[in-house]
>>> print(open('run.cif').read())   # mmCIF, C-alpha atoms
data_entry
loop_
_atom_site.group_PDB
_atom_site.id
_atom_site.type_symbol
_atom_site.label_atom_id
_atom_site.label_comp_id
_atom_site.auth_asym_id
_atom_site.auth_seq_id
_atom_site.Cartn_x
_atom_site.Cartn_y
_atom_site.Cartn_z
ATOM 1 C CA MET A 1 122.010 149.276 44.832
ATOM 2 C CA GLY A 2 119.876 151.208 47.314
ATOM 3 C CA GLY A 3 116.948 148.826 46.717
ATOM 4 C CA GLY A 4 119.210 145.833 47.413
ATOM 5 C CA PHE A 5 120.328 147.343 50.740
ATOM 6 C CA THR A 6 116.676 147.860 51.860
ATOM 7 C CA LEU A 7 115.919 144.229 50.936
ATOM 8 C CA PHE A 8 118.956 143.134 52.944
ATOM 9 C CA LEU A 9 117.692 145.083 55.988
ATOM 10 C CA LYS A 10 114.195 143.595 55.601
ATOM 11 C CA ASP A 11 115.718 140.089 55.390
ATOM 12 C CA LYS A 12 117.745 140.756 58.518
ATOM 13 C CA LYS A 13 114.610 141.883 60.430
ATOM 14 C CA GLY A 14 112.828 138.686 59.339
ATOM 15 C CA ASP A 15 115.784 136.576 60.431
ATOM 16 C CA GLU A 16 115.829 138.243 63.859
ATOM 17 C CA LYS A 17 112.098 137.564 64.269
ATOM 18 C CA VAL A 18 112.544 133.879 63.411
ATOM 19 C CA LEU A 19 115.552 133.704 65.704
ATOM 20 C CA SER A 20 113.707 135.259 68.662
ATOM 21 C CA ILE A 21 110.812 132.788 68.191
ATOM 22 C CA TYR A 22 113.401 130.009 68.103
ATOM 23 C CA TRP A 23 115.005 131.230 71.332
ATOM 24 C CA PHE A 24 111.580 131.490 72.938
ATOM 25 C CA ILE A 25 110.848 127.855 71.999
ATOM 26 C CA ILE A 26 114.235 126.776 73.382
ATOM 27 C CA LEU A 27 113.479 128.659 76.610
ATOM 28 C CA ILE A 28 110.131 126.864 76.962
ATOM 29 C CA ILE A 29 111.765 123.460 76.265
ATOM 30 C CA THR A 30 114.419 124.205 78.915
ATOM 31 C CA VAL A 31 111.846 125.323 81.501
ATOM 32 C CA VAL A 32 109.722 122.216 80.863
ATOM 33 C CA GLY A 33 112.873 120.079 81.084
ATOM 34 C CA ILE A 34 113.955 121.573 84.428
ATOM 35 C CA TYR A 35 110.424 121.158 85.783
ATOM 36 C CA GLY A 36 110.527 117.521 84.594
ATOM 37 C CA MET A 37 113.869 116.927 86.322
ATOM 38 C CA VAL A 38 112.730 118.369 89.671
ATOM 39 C CA ASN A 39 109.450 116.464 89.432
ATOM 40 C CA ALA A 40 111.231 113.201 88.536
ATOM 41 C CA TYR A 41 113.598 113.598 91.500
ATOM 42 C CA TYR A 42 111.059 114.505 94.170
ATOM 43 C CA ARG A 43 107.970 112.527 93.130
ATOM 44 C CA HIS A 44 109.160 109.288 94.803
ATOM 45 C CA PRO A 45 107.882 109.323 98.400
ATOM 46 C CA TYR A 46 110.111 108.183 101.224
ATOM 47 C CA ASP A 47 109.059 104.638 102.118
ATOM 48 C CA ILE A 48 109.704 104.640 105.859
ATOM 49 C CA ARG A 49 107.574 101.588 106.701
ATOM 50 C CA GLU A 50 110.588 99.301 107.179
ATOM 51 C CA LEU A 51 112.060 101.943 109.468
ATOM 52 C CA GLU A 52 108.785 102.135 111.386
ATOM 53 C CA ALA A 53 108.525 98.331 111.644
ATOM 54 C CA ASN A 54 112.023 98.174 113.125
ATOM 55 C CA LEU A 55 111.319 101.027 115.530
ATOM 56 C CA LEU A 56 108.243 99.131 116.696
ATOM 57 C CA ILE A 57 110.416 96.036 117.362
ATOM 58 C CA ASN A 58 112.812 98.254 119.296
ATOM 59 C CA ARG A 59 109.957 99.652 121.380
ATOM 60 C CA VAL A 60 108.529 96.198 122.141
ATOM 61 C CA ALA A 61 111.948 94.770 123.031
ATOM 62 C CA ASP A 62 112.591 97.654 125.442
ATOM 63 C CA CYS A 63 109.180 97.076 127.038
ATOM 64 C CA ILE A 64 109.698 93.327 127.454
ATOM 65 C CA SER A 65 113.237 93.278 128.747
ATOM 66 C CA TYR A 66 115.789 95.446 130.451
ATOM 67 C CA GLY A 67 119.461 94.610 131.099
ATOM 68 C CA GLY A 68 118.991 91.084 129.760
ATOM 69 C CA GLU A 69 116.174 90.247 132.198
ATOM 70 C CA ILE A 70 112.488 89.995 131.393
ATOM 71 C CA ASN A 71 109.949 92.552 132.614
ATOM 72 C CA GLU A 72 108.467 90.865 135.704
ATOM 73 C CA ARG A 73 104.880 91.546 134.538
ATOM 74 C CA VAL A 74 105.299 89.595 131.263
ATOM 75 C CA LEU A 75 105.219 86.041 132.628
ATOM 76 C CA ASN A 76 102.847 84.504 135.144
ATOM 77 C CA LYS A 77 105.012 83.640 138.162
ATOM 78 C CA SER A 78 103.118 80.463 139.076
ATOM 79 C CA THR A 79 102.784 78.914 135.589
ATOM 80 C CA GLY A 80 105.877 80.429 133.975
ATOM 81 C CA LYS A 81 103.742 81.172 130.897
ATOM 82 C CA LEU A 82 102.662 84.478 129.363
ATOM 83 C CA SER A 83 100.521 86.488 131.772
ATOM 84 C CA ASP A 84 96.934 86.992 130.567
ATOM 85 C CA ASP A 85 96.840 90.473 132.097
ATOM 86 C CA PHE A 86 99.969 91.509 130.243
ATOM 87 C CA ASN A 87 98.625 90.008 127.008
ATOM 88 C CA LEU A 88 95.299 91.859 127.307
ATOM 89 C CA ASN A 89 96.809 95.208 128.294
ATOM 90 C CA PHE A 90 99.934 94.885 126.191
ATOM 91 C CA LEU A 91 99.470 98.116 124.189
ATOM 92 C CA ASP A 92 98.841 100.174 127.341
ATOM 93 C CA GLU A 93 101.680 98.476 129.251
ATOM 94 C CA CYS A 94 104.140 99.344 126.497
ATOM 95 C CA ASN A 95 102.626 102.751 125.643
ATOM 96 C CA ILE A 96 101.998 101.721 122.059
ATOM 97 C CA THR A 97 99.106 103.049 120.040
ATOM 98 C CA PHE A 98 97.948 101.781 116.637
ATOM 99 C CA ASN A 99 95.997 104.944 115.834
ATOM 100 C CA THR A 100 96.548 106.340 112.355
ATOM 101 C CA GLU A 101 95.595 109.503 110.514
ATOM 102 C CA ASN A 102 91.971 109.544 109.424
ATOM 103 C CA GLU A 103 92.870 109.299 105.729
ATOM 104 C CA HIS A 104 92.538 106.721 102.937
ATOM 105 C CA ASP A 105 90.027 104.732 105.062
ATOM 106 C CA TRP A 106 92.824 103.802 107.455
ATOM 107 C CA ASN A 107 90.469 104.025 110.409
ATOM 108 C CA LYS A 108 88.409 101.147 108.929
ATOM 109 C CA THR A 109 91.250 98.624 108.620
ATOM 110 C CA GLU A 110 94.179 98.555 110.988
ATOM 111 C CA GLN A 111 97.494 99.497 109.432
ATOM 112 C CA TYR A 112 99.722 97.746 111.974
ATOM 113 C CA TYR A 113 100.394 94.200 113.068
ATOM 114 C CA MET A 114 102.535 92.881 115.862
ATOM 115 C CA GLU A 115 103.214 89.317 116.979
ATOM 116 C CA ILE A 116 105.439 88.341 119.893
ATOM 117 C CA ASN A 117 106.173 84.673 120.508
ATOM 118 C CA PHE A 118 107.637 83.509 123.808
ATOM 119 C CA SER A 119 109.221 80.074 124.103
ATOM 120 C CA ASP A 120 111.649 78.257 126.330
ATOM 121 C CA VAL A 121 115.031 77.071 125.140
ATOM 122 C CA GLY A 122 113.498 73.778 124.010
ATOM 123 C CA PHE A 123 111.204 75.813 121.692
ATOM 124 C CA ASN A 124 108.115 74.948 123.741
ATOM 125 C CA PRO A 125 105.670 77.859 123.366
ATOM 126 C CA LEU A 126 104.953 79.933 126.470
ATOM 127 C CA GLY A 127 102.461 82.241 124.820
ATOM 128 C CA THR A 128 101.864 84.644 121.960
ATOM 129 C CA ILE A 129 100.802 88.263 121.863
ATOM 130 C CA MET A 130 99.029 89.250 118.631
ATOM 131 C CA LYS A 131 97.764 92.768 118.036
ATOM 132 C CA GLY A 132 96.522 94.539 114.934
ATOM 133 C CA ASN A 133 95.741 93.304 111.431
ATOM 134 C CA ASN A 134 96.959 89.694 111.239
ATOM 135 C CA VAL A 135 96.495 89.548 107.437
ATOM 136 C CA PHE A 136 99.903 91.221 107.147
ATOM 137 C CA ARG A 137 101.680 88.144 108.449
ATOM 138 C CA GLY A 138 100.733 86.103 105.385
ATOM 139 C CA GLN A 139 101.199 89.018 102.994
ATOM 140 C CA CYS A 140 104.749 89.641 104.191
ATOM 141 C CA GLU A 141 105.720 86.063 103.487
ATOM 142 C CA GLN A 142 104.342 86.112 99.947
ATOM 143 C CA LEU A 143 106.816 86.135 97.114
ATOM 144 C CA LYS A 144 105.572 88.672 94.606
ATOM 145 C CA THR A 145 106.810 90.781 91.722
ATOM 146 C CA LYS A 146 108.509 94.031 92.685
ATOM 147 C CA ILE A 147 105.533 96.354 92.028
ATOM 148 C CA GLU A 148 103.098 94.120 93.873
ATOM 149 C CA HIS A 149 105.651 93.668 96.634
ATOM 150 C CA GLU A 150 105.904 97.452 97.148
ATOM 151 C CA LEU A 151 102.146 97.593 97.610
ATOM 152 C CA LEU A 152 102.253 94.915 100.312
ATOM 153 C CA PRO A 153 102.985 95.772 103.951
ATOM 154 C CA LYS A 154 106.602 96.111 105.058
ATOM 155 C CA CYS A 155 107.674 93.902 107.908
ATOM 156 C CA GLY A 156 110.338 93.499 110.522
ATOM 157 C CA HIS A 157 111.314 90.227 112.195
ATOM 158 C CA LYS A 158 113.861 89.899 115.003
ATOM 159 C CA ARG A 159 114.714 87.470 117.777
ATOM 160 C CA PHE A 160 116.535 87.810 121.057
ATOM 161 C CA LEU A 161 117.130 86.136 124.397
ATOM 162 C CA VAL A 162 116.057 87.193 127.894
ATOM 163 C CA ILE A 163 116.415 85.660 131.323
ATOM 164 C CA SER A 164 113.517 85.059 133.693
ATOM 165 C CA GLY A 165 114.427 83.798 137.157
ATOM 166 C CA GLY A 166 117.628 82.251 135.768
ATOM 167 C CA LYS A 167 115.759 80.496 132.931
ATOM 168 C CA GLN A 168 116.367 81.352 129.282
ATOM 169 C CA ILE A 169 113.356 82.683 127.371
ATOM 170 C CA LEU A 170 113.431 83.085 123.583
ATOM 171 C CA ILE A 171 111.509 86.028 122.157
ATOM 172 C CA ASP A 172 110.510 86.328 118.508
ATOM 173 C CA ILE A 173 109.031 89.665 117.407
ATOM 174 C CA PHE A 174 107.291 90.204 114.071
ATOM 175 C CA THR A 175 105.865 93.566 113.006
ATOM 176 C CA GLY A 176 104.038 94.627 109.851
ATOM 177 C CA ILE A 177 103.023 98.067 108.630
ATOM 178 C CA ARG A 178 100.832 98.858 105.627
ATOM 179 C CA LYS A 179 100.224 102.614 105.119
ATOM 180 C CA THR A 180 100.914 102.099 101.416
ATOM 181 C CA GLU A 181 99.063 105.206 100.254
ATOM 182 C CA LYS A 182 101.511 107.578 101.932
ATOM 183 C CA ASN A 183 104.723 105.619 101.436
ATOM 184 C CA VAL A 184 104.547 104.185 97.938
ATOM 185 C CA ILE A 185 101.809 105.701 95.811
ATOM 186 C CA MET B 1 123.050 136.119 39.729
ATOM 187 C CA LEU B 2 121.341 132.729 39.636
ATOM 188 C CA TYR B 3 124.545 131.134 40.885
ATOM 189 C CA ARG B 4 124.699 133.601 43.804
ATOM 190 C CA LYS B 5 121.038 132.844 44.717
ATOM 191 C CA LYS B 6 121.865 129.119 44.760
ATOM 192 C CA ILE B 7 124.806 129.761 47.084
ATOM 193 C CA ASN B 8 122.585 131.865 49.396
ATOM 194 C CA LYS B 9 119.965 129.111 49.530
ATOM 195 C CA LYS B 10 122.630 126.555 50.414
ATOM 196 C CA ALA B 11 123.908 128.855 53.169
ATOM 197 C CA GLN B 12 120.381 129.332 54.524
ATOM 198 C CA LEU B 13 119.788 125.574 54.471
ATOM 199 C CA GLY B 14 123.089 124.977 56.282
ATOM 200 C CA GLU B 15 122.176 127.494 58.955
ATOM 201 C CA ALA B 16 118.698 125.967 59.436
ATOM 202 C CA ILE B 17 120.210 122.496 59.802
ATOM 203 C CA THR B 18 122.617 123.845 62.444
ATOM 204 C CA TRP B 19 119.713 125.205 64.508
ATOM 205 C CA VAL B 20 117.656 122.036 64.110
ATOM 206 C CA VAL B 21 120.618 119.898 65.227
ATOM 207 C CA ALA B 22 121.252 122.273 68.170
ATOM 208 C CA THR B 23 117.592 121.972 69.221
ATOM 209 C CA ILE B 24 117.727 118.179 68.997
ATOM 210 C CA ILE B 25 120.913 118.131 71.105
ATOM 211 C CA VAL B 26 119.309 120.391 73.770
ATOM 212 C CA PHE B 27 116.218 118.161 73.777
ATOM 213 C CA VAL B 28 118.207 114.924 74.046
ATOM 214 C CA ILE B 29 120.336 116.334 76.884
ATOM 215 C CA LEU B 30 117.205 117.373 78.769
ATOM 216 C CA VAL B 31 115.631 113.920 78.331
ATOM 217 C CA ILE B 32 118.853 112.271 79.595
ATOM 218 C CA PHE B 33 118.852 114.573 82.633
ATOM 219 C CA ILE B 34 115.186 113.814 83.360
ATOM 220 C CA TYR B 35 115.952 110.069 83.297
ATOM 221 C CA ALA B 36 118.995 110.618 85.528
ATOM 222 C CA ALA B 37 116.919 112.690 87.996
ATOM 223 C CA ASN B 38 114.295 109.936 88.057
ATOM 224 C CA ALA B 39 116.941 107.277 88.780
ATOM 225 C CA MET B 40 118.548 109.426 91.493
ATOM 226 C CA GLY B 41 115.122 110.058 93.049
ATOM 227 C CA LYS B 42 114.520 106.307 93.272
ATOM 228 C CA LEU B 43 117.982 105.827 94.785
ATOM 229 C CA ARG B 44 117.353 108.573 97.366
ATOM 230 C CA SER B 45 114.098 106.894 98.345
ATOM 231 C CA TYR B 46 115.870 103.509 98.587
ATOM 232 C CA PHE B 47 118.589 104.803 100.955
ATOM 233 C CA VAL B 48 116.042 106.337 103.316
ATOM 234 C CA SER B 49 113.942 103.159 103.350
ATOM 235 C CA GLY B 50 115.222 101.541 106.477
ATOM 236 C CA GLY B 51 118.267 99.346 105.871
ATOM 237 C CA GLN B 52 120.239 101.356 108.432
ATOM 238 C CA ALA B 53 117.434 101.173 111.026
ATOM 239 C CA SER B 54 117.216 97.412 110.642
ATOM 240 C CA ASN B 55 120.946 97.128 111.424
ATOM 241 C CA GLU B 56 120.618 99.424 114.438
ATOM 242 C CA VAL B 57 117.698 97.441 115.875
ATOM 243 C CA GLY B 58 119.668 94.249 115.191
ATOM 244 C CA SER B 59 122.657 95.540 117.144
ATOM 245 C CA MET B 60 120.407 96.742 120.017
ATOM 246 C CA LEU B 61 118.840 93.277 120.310
ATOM 247 C CA LYS B 62 122.303 91.724 120.048
ATOM 248 C CA THR B 63 123.318 93.754 123.106
ATOM 249 C CA LYS B 64 120.225 92.536 124.971
ATOM 250 C CA THR B 65 121.083 88.926 124.062
ATOM 251 C CA GLU B 66 124.705 89.398 125.191
ATOM 252 C CA LEU B 67 123.498 90.793 128.532
ATOM 253 C CA ALA B 68 121.249 87.747 128.900
ATOM 254 C CA PHE B 69 124.184 85.435 128.112
ATOM 255 C CA ASN B 70 126.135 87.175 130.899
ATOM 256 C CA LEU B 71 123.429 85.976 133.290
ATOM 257 C CA ASN B 72 123.085 82.482 131.796
ATOM 258 C CA ASN B 73 125.267 81.357 128.928
ATOM 259 C CA GLN B 74 123.911 77.849 128.382
ATOM 260 C CA ASN B 75 122.925 76.690 124.847
ATOM 261 C CA LYS B 76 124.815 79.634 123.373
ATOM 262 C CA ILE B 77 125.388 78.167 119.887
ATOM 263 C CA LYS B 78 121.853 76.810 119.656
ATOM 264 C CA ILE B 79 120.340 80.193 120.577
ATOM 265 C CA GLU B 80 122.693 82.148 118.298
ATOM 266 C CA ASN B 81 121.719 79.921 115.365
ATOM 267 C CA TRP B 82 118.058 80.426 116.199
ATOM 268 C CA ILE B 83 118.540 84.212 116.214
ATOM 269 C CA LYS B 84 120.450 84.077 112.905
ATOM 270 C CA GLY B 85 117.460 82.245 111.410
ATOM 271 C CA VAL B 86 115.743 85.613 110.809
ATOM 272 C CA GLY B 87 118.893 87.584 110.130
ATOM 273 C CA GLY B 88 118.967 89.033 113.627
#
>>> encode(input="run.cif", output="structure tokens")
Amino acid sequence: MGGGFTLFLKDKKGDEKVLSIYWFIILIITVVGIYGMVNAYYRHPYDIRELEANLLINRVADCISYGGEINERVLNKSTGKLSDDFNLNFLDECNITFNTENEHDWNKTEQYYMEINFSDVGFNPLGTIMKGNNVFRGQCEQLKTKIEHELLPKCGHKRFLVISGGKQILIDIFTGIRKTEKNVI
Amino acid sequence: MLYRKKINKKAQLGEAITWVVATIIVFVILVIFIYAANAMGKLRSYFVSGGQASNEVGSMLKTKTELAFNLNNQNKIKIENWIKGVGG
């Protein structure tokens, strides 16, 4: 009888040992699981390139027109076409800089593109301002699979109307931003 | 005695199965939660990615166009259709 009781105690100690190992394993599984959940939630970077492309359009539109009228430096008064001076000094005139962080070889290839088309109401071109990496224009118009598409630049495209000396001028702004390494990967 | 041993073994087996099933359930729940967190992370990224900004820029340019129409409202439909051509 006494021997049976000792055996029972020994068995109980063994059970407790197995049980504590089991609980330890469960604890590890839970910790790994919680780490996995937090990692899965936060590993996707915010892709703000579309936001940036639209902000760039906003900036350009504010530089070109105010209160519905065109900035007087944009068009050449005698020809009525885009001023060469404004075209050449566009980035300085509008306080825009295409500088990027010196990472991922971004300083070797430009990460921005901007194209502004001016035309009259009969769609006759009055001039075009193009700055940055013009490869993005074609890339943005490509139809690709979703993964490839995410790796391509994000673009913004808007149009609006301004008045210059009583005449209607149509403005078409296209912007493209790459910076894939920080926004997607 | 032999009968009692058999009963004990069955009880032990039953208990072991309970723990194994409990572990599997914990594991499956964790995997489901990891998938859900992944999906929610993608969704969070999607909502931040600029749809709202595009609308705001669109409405700002719309205001500019309306101000221009106040100064000269000729060819209104033609110009509005041209603007709509890019979803502006």
>>> residues_around(input="run.cif", residues="Ile96 (chain A)", least_positions_apart="2", cutoff="9 Å", atoms="all atoms listed in the file", output="PyMOL selection string")
chain A and resi 56+59-60+90-94+98
>>> resolve_selection(input="run.cif", expression="the PyMOL selection byres ((chain A and resi 87) around 12)", output="list in words")
Ile64, Arg73, Val74, Leu75, Asn76, Lys81, Leu82, Ser83, Asp84, Asp85, Phe86, Leu88, Asn89, Phe90, Leu91, Asp92, Glu93, Cys94, Glu115, Ile116, Asn117, Phe118, Leu126, Gly127, Thr128, Ile129, Met130 and Lys131 of chain A
>>> write_last_selection(input="run.cif", atoms="C-alpha atoms", output="PDB file, keeping the file's coordinate frame")
ATOM      1  CA  ILE A  64     109.698  93.327 127.454  1.00  0.00           C
ATOM      2  CA  ARG A  73     104.880  91.546 134.538  1.00  0.00           C
ATOM      3  CA  VAL A  74     105.299  89.595 131.263  1.00  0.00           C
ATOM      4  CA  LEU A  75     105.219  86.041 132.628  1.00  0.00           C
ATOM      5  CA  ASN A  76     102.847  84.504 135.144  1.00  0.00           C
ATOM      6  CA  LYS A  81     103.742  81.172 130.897  1.00  0.00           C
ATOM      7  CA  LEU A  82     102.662  84.478 129.363  1.00  0.00           C
ATOM      8  CA  SER A  83     100.521  86.488 131.772  1.00  0.00           C
ATOM      9  CA  ASP A  84      96.934  86.992 130.567  1.00  0.00           C
ATOM     10  CA  ASP A  85      96.840  90.473 132.097  1.00  0.00           C
ATOM     11  CA  PHE A  86      99.969  91.509 130.243  1.00  0.00           C
ATOM     12  CA  LEU A  88      95.299  91.859 127.307  1.00  0.00           C
ATOM     13  CA  ASN A  89      96.809  95.208 128.294  1.00  0.00           C
ATOM     14  CA  PHE A  90      99.934  94.885 126.191  1.00  0.00           C
ATOM     15  CA  LEU A  91      99.470  98.116 124.189  1.00  0.00           C
ATOM     16  CA  ASP A  92      98.841 100.174 127.341  1.00  0.00           C
ATOM     17  CA  GLU A  93     101.680  98.476 129.251  1.00  0.00           C
ATOM     18  CA  CYS A  94     104.140  99.344 126.497  1.00  0.00           C
ATOM     19  CA  GLU A 115     103.214  89.317 116.979  1.00  0.00           C
ATOM     20  CA  ILE A 116     105.439  88.341 119.893  1.00  0.00           C
ATOM     21  CA  ASN A 117     106.173  84.673 120.508  1.00  0.00           C
ATOM     22  CA  PHE A 118     107.637  83.509 123.808  1.00  0.00           C
ATOM     23  CA  LEU A 126     104.953  79.933 126.470  1.00  0.00           C
ATOM     24  CA  GLY A 127     102.461  82.241 124.820  1.00  0.00           C
ATOM     25  CA  THR A 128     101.864  84.644 121.960  1.00  0.00           C
ATOM     26  CA  ILE A 129     100.802  88.263 121.863  1.00  0.00           C
ATOM     27  CA  MET A 130      99.029  89.250 118.631  1.00  0.00           C
ATOM     28  CA  LYS A 131      97.764  92.768 118.036  1.00  0.00           C
TER      29      LYS A 131
END
>>> interface_residues(input="run.cif", of="chain B", to="chain A", cutoff="9 Å", atoms="only C-alpha atoms", output="PyMOL selection string")
chain B and resi 19+23+26-27+30-31+33-42+44-46+48-54+56-58+60-75+78-80+82-88
>>> atom_distance(input="run.cif", atom1="CA of Glu101 (chain A)", atom2="CA of Lys154 (chain A)")
18.2 Å
>>> atom_distance(input="run.cif", atom1="CA of Phe24 (chain A)", atom2="CA of Lys10 (chain B)")
25.6 Å
>>> atom_distance(input="run.cif", atom1="CA of Lys182 (chain A)", atom2="CA of Met114 (chain A)")
20.3 Å
>>> decode(input="run.cif", residues="region 31-66 of chain A", atoms="C-alpha atoms", output="compact mmCIF listing (two decimals), in the first residue's frame")
# COMPACT_ATOMS: atom_id res chain seq x y z
CA VAL A 31 5.21 34.43 -28.45
CA VAL A 32 6.25 33.45 -31.99
CA GLY A 33 2.63 33.87 -33.11
CA ILE A 34 2.30 37.36 -31.61
CA TYR A 35 5.63 38.36 -33.14
CA GLY A 36 4.35 37.02 -36.49
CA MET A 37 1.12 39.02 -36.19
CA VAL A 38 2.89 42.31 -35.40
CA ASN A 39 5.42 41.68 -38.16
CA ALA A 40 2.68 40.81 -40.68
CA TYR A 41 0.77 44.00 -39.82
CA TYR A 42 3.65 46.46 -39.89
CA ARG A 43 5.92 45.04 -42.62
CA HIS A 44 3.94 46.67 -45.47
CA PRO A 45 5.43 50.13 -46.07
CA TYR A 46 3.18 53.09 -46.70
CA ASP A 47 3.19 53.72 -50.45
CA ILE A 48 2.85 57.50 -50.53
CA ARG A 49 4.02 58.00 -54.13
CA GLU A 50 0.51 58.65 -55.45
CA LEU A 51 0.07 61.19 -52.66
CA GLU A 52 3.39 62.80 -53.58
CA ALA A 53 2.51 62.86 -57.30
CA ASN A 54 -0.75 64.65 -56.53
CA LEU A 55 0.95 67.11 -54.19
CA LEU A 56 3.40 67.89 -56.99
CA ILE A 57 0.45 68.62 -59.34
CA ASN A 58 -1.02 70.86 -56.66
CA ARG A 59 2.28 72.74 -56.32
CA VAL A 60 2.65 73.20 -60.09
CA ALA A 61 -0.96 74.34 -60.50
CA ASP A 62 -0.53 76.93 -57.73
CA CYS A 63 2.66 78.17 -59.41
CA ILE A 64 1.08 78.46 -62.86
CA SER A 65 -2.21 80.07 -61.95
CA TYR A 66 -3.85 82.11 -59.25
